[in-house]
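A.B. asks: Below is start.cif; it holds mmCIF, C-alpha atoms.
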```
data_target
loop_
_atom_site.label_atom_id
_atom_site.label_comp_id
_atom_site.auth_asym_id
_atom_site.auth_seq_id
_atom_site.Cartn_x
_atom_site.Cartn_y
_atom_site.Cartn_z
CA MET A 289 12.39 45.21 -3.88
CA ALA A 290 8.89 46.29 -4.81
CA TYR A 291 9.01 49.10 -2.25
CA ILE A 292 12.25 50.67 -3.52
CA SER A 293 11.51 50.07 -7.20
CA THR A 294 11.72 53.06 -9.55
CA TYR A 295 10.07 51.37 -12.51
CA THR A 296 6.51 52.09 -13.41
CA HIS A 297 5.51 49.06 -15.47
CA PRO A 298 2.18 47.67 -14.15
CA LEU A 299 3.41 44.01 -14.14
CA GLU A 300 6.56 44.67 -12.12
CA ILE A 301 5.07 44.51 -8.62
CA PRO A 302 2.67 41.59 -9.37
CA ILE A 303 5.59 39.53 -10.70
CA LEU A 304 7.68 40.30 -7.60
CA VAL A 305 4.76 39.33 -5.35
CA ALA A 306 4.23 36.10 -7.33
CA LEU A 307 7.93 35.21 -7.04
CA ALA A 308 7.87 35.87 -3.30
CA ALA A 309 4.70 33.81 -2.85
CA LEU A 310 6.14 30.89 -4.82
CA GLN A 311 9.38 30.95 -2.84
CA VAL A 312 7.57 31.06 0.53
CA LEU A 313 4.82 28.54 -0.26
CA GLU A 314 6.98 26.05 -2.17
CA PRO A 315 8.12 24.04 0.92
CA LYS A 316 4.51 23.75 2.12
CA PHE A 317 3.32 21.73 -0.91
CA ALA A 318 4.39 18.09 -1.19
CA TYR A 319 4.20 18.25 -5.00
CA PHE A 320 7.16 20.63 -5.18
CA SER A 321 9.24 18.09 -3.21
CA THR A 322 8.97 15.57 -6.05
CA PRO A 323 11.51 15.65 -8.93
CA THR A 324 8.83 16.79 -11.40
CA GLY A 325 7.43 19.41 -9.05
CA ASN A 326 10.91 20.71 -8.32
CA VAL A 327 11.64 21.26 -12.03
CA VAL A 328 8.23 22.91 -12.49
CA SER A 329 8.96 25.29 -9.62
CA ILE A 330 12.37 26.24 -11.04
CA LEU A 331 10.88 26.82 -14.52
CA LEU A 332 8.14 29.02 -13.05
CA LYS A 333 10.76 31.14 -11.29
CA LEU A 334 12.80 31.33 -14.49
CA VAL A 335 9.82 32.43 -16.58
CA MET A 336 8.72 35.10 -14.07
CA SER A 337 12.30 36.39 -13.71
CA TYR A 338 12.68 36.55 -17.48
CA VAL A 339 9.42 38.47 -17.90
CA LEU A 340 10.36 40.87 -15.08
CA ILE A 341 13.75 41.64 -16.64
CA GLY A 342 12.17 41.97 -20.06
CA TYR A 343 9.63 44.53 -18.84
CA THR A 344 12.28 46.52 -16.93
CA ASP A 345 14.83 47.53 -19.63
CA GLY A 346 15.94 44.01 -20.57
CA LEU A 347 19.73 43.78 -20.84
CA ALA A 348 20.17 46.95 -18.76
CA SER A 349 17.63 45.96 -16.07
CA SER A 350 18.69 46.25 -12.46
CA TYR A 351 16.76 43.03 -11.89
CA TYR A 352 19.26 40.85 -13.79
CA LEU A 353 20.34 39.24 -10.51
CA ILE A 354 16.80 37.89 -10.07
CA LEU A 355 17.90 35.09 -12.42
CA LEU A 356 19.98 33.78 -9.52
CA LEU A 357 16.73 32.67 -7.86
CA PRO A 358 15.98 29.78 -10.28
CA LEU A 359 19.72 29.20 -10.74
CA VAL A 360 20.40 28.69 -7.02
CA SER A 361 17.26 26.54 -6.68
CA ALA A 362 18.49 24.28 -9.48
CA ALA A 363 22.02 24.11 -8.13
CA THR A 364 20.73 23.20 -4.68
CA THR A 365 18.35 20.42 -5.68
CA LEU A 366 19.17 19.00 -9.13
CA GLY A 367 22.77 17.90 -8.82
CA PRO A 368 25.71 18.74 -11.14
CA ALA A 369 23.94 17.98 -14.44
CA GLY A 370 20.79 19.91 -13.54
CA SER A 371 22.85 22.79 -12.15
CA ALA A 372 24.94 23.03 -15.33
CA ALA A 373 21.85 22.84 -17.54
CA PHE A 374 20.03 25.63 -15.73
CA THR A 375 23.20 27.73 -15.61
CA VAL A 376 23.34 27.55 -19.42
CA VAL A 377 19.61 28.28 -19.66
CA CYS A 378 19.85 31.33 -17.36
CA CYS A 379 22.87 32.70 -19.27
CA ALA A 380 21.10 32.10 -22.58
CA ALA A 381 17.96 33.78 -21.26
CA TYR A 382 19.92 36.86 -20.26
CA LEU A 383 21.81 36.99 -23.57
CA SER A 384 18.55 36.69 -25.49
CA PHE A 385 17.71 40.27 -24.53
CA ILE A 386 20.38 41.35 -27.03
CA LEU A 387 17.90 40.40 -29.74
CA PHE A 388 15.45 43.04 -28.49
CA ILE A 389 17.89 45.96 -28.57
CA ASP A 390 17.10 48.68 -31.10
CA PRO A 391 20.43 49.12 -32.93
CA VAL A 392 19.39 52.62 -34.00
CA ARG A 393 18.96 53.83 -30.40
CA TYR A 394 21.46 51.67 -28.52
CA GLN A 395 24.95 50.35 -29.26
CA ILE A 396 26.85 47.69 -27.29
CA ASP A 397 30.25 49.23 -26.74
CA PRO A 398 33.30 47.37 -25.29
CA ASP A 399 32.46 48.45 -21.74
CA SER A 400 28.93 47.07 -22.12
CA ARG A 401 30.27 43.80 -23.48
CA ARG A 402 32.62 43.46 -20.49
CA GLU A 403 29.68 44.10 -18.17
CA ILE A 404 27.61 41.43 -19.91
CA PHE A 405 30.45 38.88 -19.71
CA LEU A 406 31.00 39.75 -16.05
CA ARG A 407 27.32 39.08 -15.27
CA LEU A 408 27.46 35.75 -17.12
CA ILE A 409 30.56 34.77 -15.14
CA ILE A 410 28.73 35.65 -11.91
CA PHE A 411 25.87 33.37 -12.97
CA ALA A 412 28.23 30.47 -13.74
CA ALA A 413 30.31 30.93 -10.57
CA THR A 414 27.24 31.16 -8.39
CA GLY A 415 25.76 27.99 -9.91
CA TYR A 416 29.01 26.07 -9.51
CA LEU A 417 29.71 27.16 -5.93
CA THR A 418 26.11 26.60 -4.82
CA ASN A 419 26.08 23.12 -6.32
CA THR A 420 29.42 22.25 -4.69
CA LEU A 421 28.16 23.40 -1.31
CA ALA A 422 24.84 21.56 -1.75
CA ALA A 423 26.66 18.36 -2.79
CA ALA A 424 28.84 18.56 0.33
CA THR A 425 25.75 19.15 2.46
CA ARG A 426 23.94 16.18 0.86
CA GLU A 427 26.96 13.93 1.43
CA GLN A 428 27.15 15.01 5.05
CA SER A 429 23.43 14.39 5.45
CA ARG A 430 23.84 10.90 4.00
CA LYS A 431 26.63 10.19 6.50
CA PHE A 432 24.53 11.49 9.37
CA LYS A 433 21.57 9.41 8.19
CA SER A 434 23.76 6.31 7.93
CA VAL A 435 25.15 6.87 11.43
CA ALA A 436 21.61 7.46 12.75
CA GLU A 437 20.42 4.20 11.16
CA GLN A 438 23.38 2.31 12.65
CA LEU A 439 22.68 3.81 16.06
CA ALA A 440 18.99 2.92 15.75
CA ALA A 441 19.89 -0.67 14.83
CA ALA A 442 22.37 -0.86 17.71
CA ASN A 443 19.81 0.58 20.10
CA LYS A 444 17.23 -1.96 18.93
CA SER A 445 19.70 -4.82 19.39
CA LEU A 446 20.61 -3.49 22.83
CA SER A 447 16.95 -3.23 23.79
CA GLU A 448 16.33 -6.79 22.62
CA ALA A 449 19.38 -8.02 24.54
CA GLU A 450 18.20 -6.23 27.69
CA ALA A 451 14.70 -7.69 27.28
CA ALA A 452 16.19 -11.18 26.79
CA MET A 453 18.36 -10.75 29.90
CA ARG A 454 15.42 -9.59 31.99
CA ARG A 455 13.37 -12.51 30.68
CA SER A 456 16.15 -14.97 31.55
CA GLU A 457 16.41 -13.57 35.06
CA ARG A 458 12.66 -13.84 35.55
CA LEU A 459 12.67 -17.37 34.15
CA ALA A 460 15.43 -18.43 36.54
CA ALA A 461 13.71 -16.94 39.59
CA LEU A 462 10.28 -18.26 38.70
CA GLY A 463 11.73 -21.63 37.78
CA GLN A 464 13.15 -22.06 41.26
CA LEU A 465 9.86 -20.94 42.78
CA SER A 466 7.89 -23.35 40.55
CA ALA A 467 10.13 -26.29 41.43
CA GLY A 468 9.77 -25.72 45.16
CA LEU A 469 6.04 -25.13 44.93
CA ALA A 470 5.46 -28.18 42.73
CA HIS A 471 7.32 -30.50 45.09
CA GLU A 472 5.40 -29.12 48.07
CA LEU A 473 2.08 -29.68 46.27
CA ARG A 474 2.72 -33.25 45.19
CA ASN A 475 2.35 -34.83 48.66
CA PRO A 476 -0.94 -33.16 49.70
CA LEU A 477 -2.38 -33.81 46.23
CA GLY A 478 -1.58 -37.50 46.61
CA THR A 479 -3.27 -37.55 49.99
CA ILE A 480 -6.35 -35.76 48.61
CA LYS A 481 -6.63 -38.18 45.68
CA ALA A 482 -6.25 -41.24 47.91
CA SER A 483 -8.88 -39.85 50.28
CA ALA A 484 -11.27 -39.18 47.40
CA GLU A 485 -10.85 -42.72 46.07
CA MET A 486 -11.43 -44.17 49.55
CA LEU A 487 -14.49 -41.97 49.92
CA THR A 488 -15.85 -43.24 46.62
CA ARG A 489 -15.47 -46.86 47.77
CA THR A 490 -17.05 -46.30 51.17
CA VAL A 491 -19.99 -44.07 50.21
CA PRO A 492 -23.21 -46.04 49.82
CA GLY A 493 -24.38 -46.49 46.26
CA GLU A 494 -27.61 -44.61 46.87
CA ASN A 495 -25.70 -41.45 47.89
CA GLU A 496 -25.17 -40.19 44.33
CA VAL A 497 -24.28 -36.65 45.40
CA ALA A 498 -21.37 -37.78 47.59
CA ARG A 499 -20.07 -40.15 44.91
CA GLU A 500 -20.28 -37.36 42.29
CA VAL A 501 -18.43 -34.93 44.58
CA ALA A 502 -15.73 -37.52 45.23
CA GLY A 503 -15.37 -37.99 41.48
CA PHE A 504 -15.01 -34.23 41.01
CA ILE A 505 -12.27 -34.17 43.65
CA SER A 506 -10.36 -36.97 41.93
CA THR A 507 -10.69 -35.33 38.50
CA GLU A 508 -9.52 -31.93 39.75
CA VAL A 509 -6.58 -33.55 41.54
CA ASP A 510 -5.54 -35.19 38.27
CA ARG A 511 -5.80 -31.85 36.49
CA THR A 512 -3.76 -30.15 39.21
CA ASN A 513 -1.16 -32.93 39.03
CA LEU A 514 -0.85 -32.33 35.30
CA LEU A 515 -0.33 -28.64 35.98
CA VAL A 516 2.33 -29.44 38.58
CA THR A 517 4.06 -31.68 36.02
CA ARG A 518 4.14 -28.77 33.58
CA PHE A 519 5.60 -26.55 36.30
CA LEU A 520 8.33 -29.11 36.86
CA ASP A 521 8.99 -29.37 33.13
CA PHE A 522 9.49 -25.63 33.11
CA ALA A 523 11.70 -25.56 36.20
CA ARG A 524 13.78 -28.65 35.42
CA PRO A 525 17.15 -27.92 33.72
CA LEU A 526 17.07 -28.99 30.10
CA GLN A 527 19.33 -31.78 28.97
CA LEU A 528 19.90 -31.06 25.30
CA ARG A 529 20.70 -33.95 23.02
CA LEU A 530 22.36 -32.05 20.21
CA ALA A 531 22.76 -33.72 16.85
CA PRO A 532 22.90 -32.51 13.23
CA ALA A 533 19.35 -32.26 11.89
CA GLU A 534 17.64 -30.92 8.79
CA LEU A 535 15.70 -27.84 9.84
CA THR A 536 13.06 -28.41 7.17
CA LYS A 537 12.36 -31.91 8.48
CA VAL A 538 11.88 -30.61 12.01
CA LEU A 539 9.47 -27.94 10.73
CA ASP A 540 7.58 -30.44 8.58
CA SER A 541 7.16 -32.74 11.59
CA ALA A 542 5.79 -29.86 13.71
CA ILE A 543 3.32 -28.93 10.94
CA ALA A 544 2.23 -32.57 10.61
CA ASN A 545 1.65 -32.74 14.38
CA LEU A 546 -0.50 -29.62 14.21
CA ASP A 547 -2.63 -31.17 11.46
CA HIS A 548 -2.92 -34.45 13.40
CA ASN A 549 -3.48 -33.15 16.95
CA SER A 550 -5.54 -30.06 16.20
CA PRO A 551 -7.67 -30.80 13.11
CA HIS A 552 -10.46 -28.52 14.37
CA TYR A 553 -8.31 -25.46 13.57
CA GLU A 554 -9.31 -24.95 9.94
CA VAL A 555 -6.18 -23.11 8.77
CA SER A 556 -3.76 -23.64 5.93
CA VAL A 557 -0.01 -23.74 6.51
CA TYR A 558 2.25 -22.46 3.73
CA LYS A 559 5.95 -23.27 3.63
CA ASN A 560 8.60 -20.84 2.37
CA TYR A 561 11.91 -22.52 3.08
CA ALA A 562 15.29 -21.11 2.12
CA PRO A 563 17.33 -23.82 0.34
CA GLU A 564 20.67 -22.46 1.64
CA ILE A 565 19.88 -23.52 5.21
CA GLY A 566 20.94 -27.12 5.59
CA THR A 567 21.91 -29.10 8.65
CA ILE A 568 21.82 -27.43 12.08
CA LEU A 569 23.10 -28.75 15.39
CA LEU A 570 20.04 -28.95 17.65
CA ASP A 571 17.81 -31.15 19.78
CA ALA A 572 15.23 -32.12 17.18
CA ASP A 573 12.55 -33.21 19.67
CA LEU A 574 12.74 -30.01 21.72
CA MET A 575 12.85 -27.72 18.68
CA GLU A 576 9.89 -29.56 17.18
CA ARG A 577 8.07 -28.75 20.42
CA VAL A 578 9.04 -25.08 19.98
CA PHE A 579 7.68 -24.87 16.45
CA TYR A 580 4.56 -26.85 17.32
CA ASN A 581 3.74 -24.41 20.15
CA LEU A 582 4.25 -21.42 17.87
CA LEU A 583 2.10 -22.99 15.16
CA LEU A 584 -0.61 -23.87 17.69
CA ASN A 585 -0.68 -20.28 19.01
CA ALA A 586 -0.89 -18.96 15.44
CA ALA A 587 -3.74 -21.36 14.64
CA GLN A 588 -5.63 -20.33 17.77
CA ALA A 589 -5.30 -16.65 16.78
CA THR A 590 -6.36 -17.23 13.16
CA ALA A 591 -9.96 -17.38 12.01
CA ALA A 592 -11.24 -20.47 10.20
CA GLY A 593 -10.12 -20.48 6.59
CA GLY A 594 -7.08 -18.34 7.37
CA ALA A 595 -3.45 -19.07 6.63
CA ILE A 596 -0.17 -19.42 8.50
CA THR A 597 3.20 -19.05 6.80
CA VAL A 598 6.39 -20.74 7.99
CA LYS A 599 9.38 -19.00 6.47
CA THR A 600 13.11 -19.62 6.83
CA ARG A 601 16.07 -17.57 5.69
CA ARG A 602 19.73 -17.11 6.46
CA ALA A 603 20.54 -14.01 8.53
CA ALA A 604 24.34 -13.71 8.74
CA ALA A 605 25.49 -16.60 10.98
CA LEU A 606 21.94 -17.39 12.10
CA ALA A 607 19.01 -19.31 10.73
CA GLU A 608 15.81 -17.27 11.02
CA ILE A 609 12.54 -19.16 11.29
CA SER A 610 9.37 -17.06 11.16
CA VAL A 611 5.83 -18.19 11.99
CA ILE A 612 3.49 -15.61 10.45
CA ASP A 613 -0.24 -15.30 10.97
CA ARG A 614 -2.88 -12.72 10.10
CA GLY A 615 -4.93 -13.31 13.21
CA SER A 616 -6.05 -11.27 16.19
CA GLY A 617 -2.57 -10.02 17.09
CA ILE A 618 -1.21 -9.03 20.49
CA GLU A 619 -1.84 -5.83 22.39
CA PRO A 620 1.32 -3.65 22.58
CA ARG A 621 1.17 -3.60 26.38
CA HIS A 622 1.43 -7.41 26.44
CA LEU A 623 4.45 -7.80 24.14
CA GLU A 624 6.95 -7.43 26.98
CA SER A 625 5.18 -10.07 29.08
CA ILE A 626 4.22 -12.85 26.67
CA PHE A 627 7.37 -14.89 27.40
CA ASN A 628 6.91 -14.59 31.15
CA PRO A 629 5.82 -17.76 32.98
CA PHE A 630 2.14 -17.84 33.99
CA PHE A 631 1.25 -14.89 31.77
CA THR A 632 -1.67 -15.68 29.47
CA THR A 633 -4.62 -13.94 27.87
CA LYS A 634 -6.48 -17.21 27.25
CA PRO A 635 -9.28 -18.15 29.67
CA GLU A 636 -8.08 -21.76 29.88
CA GLY A 637 -4.37 -21.03 29.51
CA VAL A 638 -1.65 -21.67 32.08
CA GLY A 639 0.92 -19.31 30.61
CA LEU A 640 3.85 -21.71 30.33
CA GLY A 641 3.88 -22.45 26.59
CA LEU A 642 5.88 -19.47 25.36
CA ALA A 643 8.01 -19.46 28.51
CA ILE A 644 9.13 -23.03 27.80
CA VAL A 645 9.61 -22.18 24.11
CA SER A 646 11.85 -19.25 25.04
CA LYS A 647 13.80 -21.41 27.48
CA ILE A 648 14.47 -24.09 24.84
CA VAL A 649 15.61 -21.51 22.30
CA ASP A 650 17.90 -19.85 24.88
CA GLU A 651 19.45 -23.24 25.71
CA HIS A 652 20.29 -23.65 22.02
CA GLY A 653 22.15 -20.33 22.05
CA GLY A 654 19.42 -18.68 20.02
CA LYS A 655 17.01 -15.83 20.58
CA MET A 656 13.40 -14.94 19.90
CA ALA A 657 11.64 -11.83 18.63
CA VAL A 658 8.02 -10.96 18.03
CA GLU A 659 6.22 -8.31 16.01
CA SER A 660 2.49 -7.93 16.34
CA GLU A 661 -0.34 -5.53 15.68
CA PRO A 662 -3.87 -6.00 16.99
CA GLU A 663 -6.30 -7.34 14.37
CA LYS A 664 -3.50 -7.61 11.79
CA GLY A 665 -1.50 -10.59 13.01
CA SER A 666 1.82 -11.59 14.53
CA VAL A 667 5.27 -12.71 13.46
CA PHE A 668 7.26 -14.90 15.86
CA ARG A 669 10.91 -15.24 14.85
CA VAL A 670 13.33 -17.86 16.14
CA TYR A 671 17.06 -17.33 15.52
CA LEU A 672 19.31 -20.34 15.79
CA PRO A 673 23.09 -20.41 15.26
CA LEU A 674 24.13 -22.19 12.09
CA GLN A 675 26.46 -25.14 12.30
CA LYS A 676 30.09 -24.09 11.85
#
```
Translate the structure of the given file into structure tokens.

C.D. replies:
Amino acid sequence: MAYISTYTHPLEIPILVALAALQVLEPKFAYFSTPTGNVVSILLKLVMSYVLIGYTDGLASSYYLILLLPLVSAATTLGPAGSAAFTVVCCAAYLSFILFIDPVRYQIDPDSRREIFLRLIIFAATGYLTNTLAAATREQSRKFKSVAEQLAAANKSLSEAEAAMRRSERLAALGQLSAGLAHELRNPLGTIKASAEMLTRTVPGENEVAREVAGFISTEVDRTNLLVTRFLDFARPLQLRLAPAELTKVLDSAIANLDHNSPHYEVSVYKNYAPEIGTILLDADLMERVFYNLLLNAAQATAAGGAITVKTRRAAALAEISVIDRGSGIEPRHLESIFNPFFTTKPEGVGLGLAIVSKIVDEHGGKMAVESEPEKGSVFRVYLPLQK
């Protein structure tokens, strides 16, 4: 437009360049994406367009269509009310040039009036049609966004279901392996312990080294037997004793056990129970074990003086129980493996705690989920079906 212009006013080309720069740079600044910034941008375009038309013959300016720039911007982004308001403003701005006509030199004849009305109609029609098209586009975008969110939620649920299935398959296979291995270990361990005890009785009293070694053997056999017992607990099919139980009482009992059995963990436990969750059909002893293990893990990950939150809420037909800590968190690469048997990041850990927890929850027809970020904490969620 600047290149083919026939006007000679010194502000014409700078205004055109400023309009072009504003239109090109507008999407690159976050401020102009805000409601206030959007209105400011439209007003700047309107002011520059008005000045350009005013300096180039006003009502008779060939640049009258430049007013469509702020008008289309308003119709695209401000909705019906904003579009109508700026349509009126643009029409009023164009009509205001009538006030600057010298009645001695110029007269508005009927043909000129028809031309003016035609231009105003073009402004109004353009604003209306642009707003209608923009509204349809926004509605379509909302539908696409809604579908995308539903697909994302479905994909997440599918991923969680696949992870749960893989975990169940691994648990079943490793459970069978653990059962066979544990039974095979029991007999030689018994022989080793009996031999160590016999050695202790037969070694002369002055042979302190031999007696100490025999004691070490007996102690390590006991520790290995305990480990074998835990393997069997994991591998043995669960016999649920389902009965209606108050979820809050089960949680309170698990918290009390944590305070009693692990007083050296100097953490506070906050309760945030949803009153709408009442009685649930579950095995209270086993579920107390689940919550105790989750609380113990949270306490171990939390620094002294920290806090753990136990929160419940209703999620459709499920009761959601969350154990939340602000501790060391879990590395992303470990999240897929934490429920696997024998997986642990603790030097003294066996790696059966969360595996057994997951197995108990699965037997109740529930599911588990975890969210964690290193150095920011973890959220373990247990979902249990509500009593029908």

A.B. asks: Using the chain letters and numbers from the file, give me the residues hit by the PyMOL selection byres ((chain A and resi 629) around 7), as an NGL selection string.

C.D. replies: :A and (459 or 627-628 or 630-631 or 639-640 or 643)

A.B. asks: Which of these residues is nearest to His552 in chain A, using all atoms listed in the file: A:Ser625, A:Gln588, A:Thr375, A:Thr517?

C.D. replies: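 Between A:Ser625, A:Gln588, A:Thr375, A:Thr517, the residue approaching His552 in chain A most closely is A:Gln588.
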
A.B. asks: Set the distance at 8 Å and use all atoms listed in the file: which residues neighbour range 331-345 of chain A once local chain neighbours fewer than 4 positions away are removed? I'd like the list as an MDAnalysis selection string.

C.D. replies: chainID A and resid 295 297 299:300 303:304 307 310 327 349:352 354:355 357:358 378 381:382 385

A.B. asks: Taking all atoms listed in the file into account, name the residue in A:Ile648, A:Ile609, A:Leu528, A:Leu584 that is nearest to Asn549 in chain A.

C.D. replies: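 For Asn549 in chain A, the nearest of the candidates is A:Leu584.
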
A.B. asks: Distance CA of Pro368 in chain A-CA of Gly346 in chain A, one decimal place?

C.D. replies: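 Separation of CA of Pro368 in chain A and CA of Gly346 in chain A: 28.7 Å.
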
A.B. asks: As an exercise, work out the distance from CA of Gly594 in chain A to CA of Leu546 in chain A in Å and give it to one decimal place.

C.D. replies: 14.7 Å

A.B. asks: Evaluate the PyMOL selection byres ((chain A and resi 477) around 12) against this structure - the residues, as a list in words, please.

C.D. replies: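 Output of the PyMOL selection byres ((chain A and resi 477) around 12): Ala470, His471, Glu472, Leu473, Arg474, Asn475, Pro476, Gly478, Thr479, Ile480, Lys481, Ala482, Ser483, Ala484, Ile505, Ser506, Thr507, Glu508, Val509, Asp510, Arg511, Thr512, Asn513, Leu514, Leu515 and Val516 of chain A.
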
A.B. asks: Can those selected residues be exported to a file as an mmCIF file, keeping the file's coordinate frame so that it contains C-alpha atoms?

C.D. replies:
```cif
data_model
loop_
_atom_site.group_PDB
_atom_site.id
_atom_site.type_symbol
_atom_site.label_atom_id
_atom_site.label_comp_id
_atom_site.auth_asym_id
_atom_site.auth_seq_id
_atom_site.Cartn_x
_atom_site.Cartn_y
_atom_site.Cartn_z
ATOM 1 C CA ALA A 470 5.460 -28.180 42.730
ATOM 2 C CA HIS A 471 7.320 -30.500 45.090
ATOM 3 C CA GLU A 472 5.400 -29.120 48.070
ATOM 4 C CA LEU A 473 2.080 -29.680 46.270
ATOM 5 C CA ARG A 474 2.720 -33.250 45.190
ATOM 6 C CA ASN A 475 2.350 -34.830 48.660
ATOM 7 C CA PRO A 476 -0.940 -33.160 49.700
ATOM 8 C CA GLY A 478 -1.580 -37.500 46.610
ATOM 9 C CA THR A 479 -3.270 -37.550 49.990
ATOM 10 C CA ILE A 480 -6.350 -35.760 48.610
ATOM 11 C CA LYS A 481 -6.630 -38.180 45.680
ATOM 12 C CA ALA A 482 -6.250 -41.240 47.910
ATOM 13 C CA SER A 483 -8.880 -39.850 50.280
ATOM 14 C CA ALA A 484 -11.270 -39.180 47.400
ATOM 15 C CA ILE A 505 -12.270 -34.170 43.650
ATOM 16 C CA SER A 506 -10.360 -36.970 41.930
ATOM 17 C CA THR A 507 -10.690 -35.330 38.500
ATOM 18 C CA GLU A 508 -9.520 -31.930 39.750
ATOM 19 C CA VAL A 509 -6.580 -33.550 41.540
ATOM 20 C CA ASP A 510 -5.540 -35.190 38.270
ATOM 21 C CA ARG A 511 -5.800 -31.850 36.490
ATOM 22 C CA THR A 512 -3.760 -30.150 39.210
ATOM 23 C CA ASN A 513 -1.160 -32.930 39.030
ATOM 24 C CA LEU A 514 -0.850 -32.330 35.300
ATOM 25 C CA LEU A 515 -0.330 -28.640 35.980
ATOM 26 C CA VAL A 516 2.330 -29.440 38.580
#
```

A.B. asks: Exactly which residues make up the result of the PyMOL selection byres ((chain A and resi 654-663) around 7) on this file, given as a list in words?

C.D. replies: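 With the shown file as input, the PyMOL selection byres ((chain A and resi 654-663) around 7) matches Gly615, Ser616, Gly617, Ile618, Glu619, Ser646, Val649, Asp650, His652, Gly653, Lys664, Gly665, Ser666, Val667, Phe668, Arg669, Val670, Tyr671, Leu672 and Pro673 of chain A.
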
A.B. asks: Between CA of Ala372 in chain A and CA of Ala412 in chain A, what distance in Å does the model show, to one decimal?

C.D. replies: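 Result for CA of Ala372 in chain A versus CA of Ala412 in chain A: 8.3 Å, one decimal.
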
A.B. asks: Would you kindly return, as JSON, numbers by chain, each protein, DNA or RNA residue with an atom no farther than 10 Å from any atom of Tyr580 in chain A, considering only C-alpha atoms and excluding same-chain residues fewer than 5 positions away?

C.D. replies: {"A": [538, 539, 540, 541, 542, 543, 544, 545, 546, 574, 575, 585, 586, 645]}
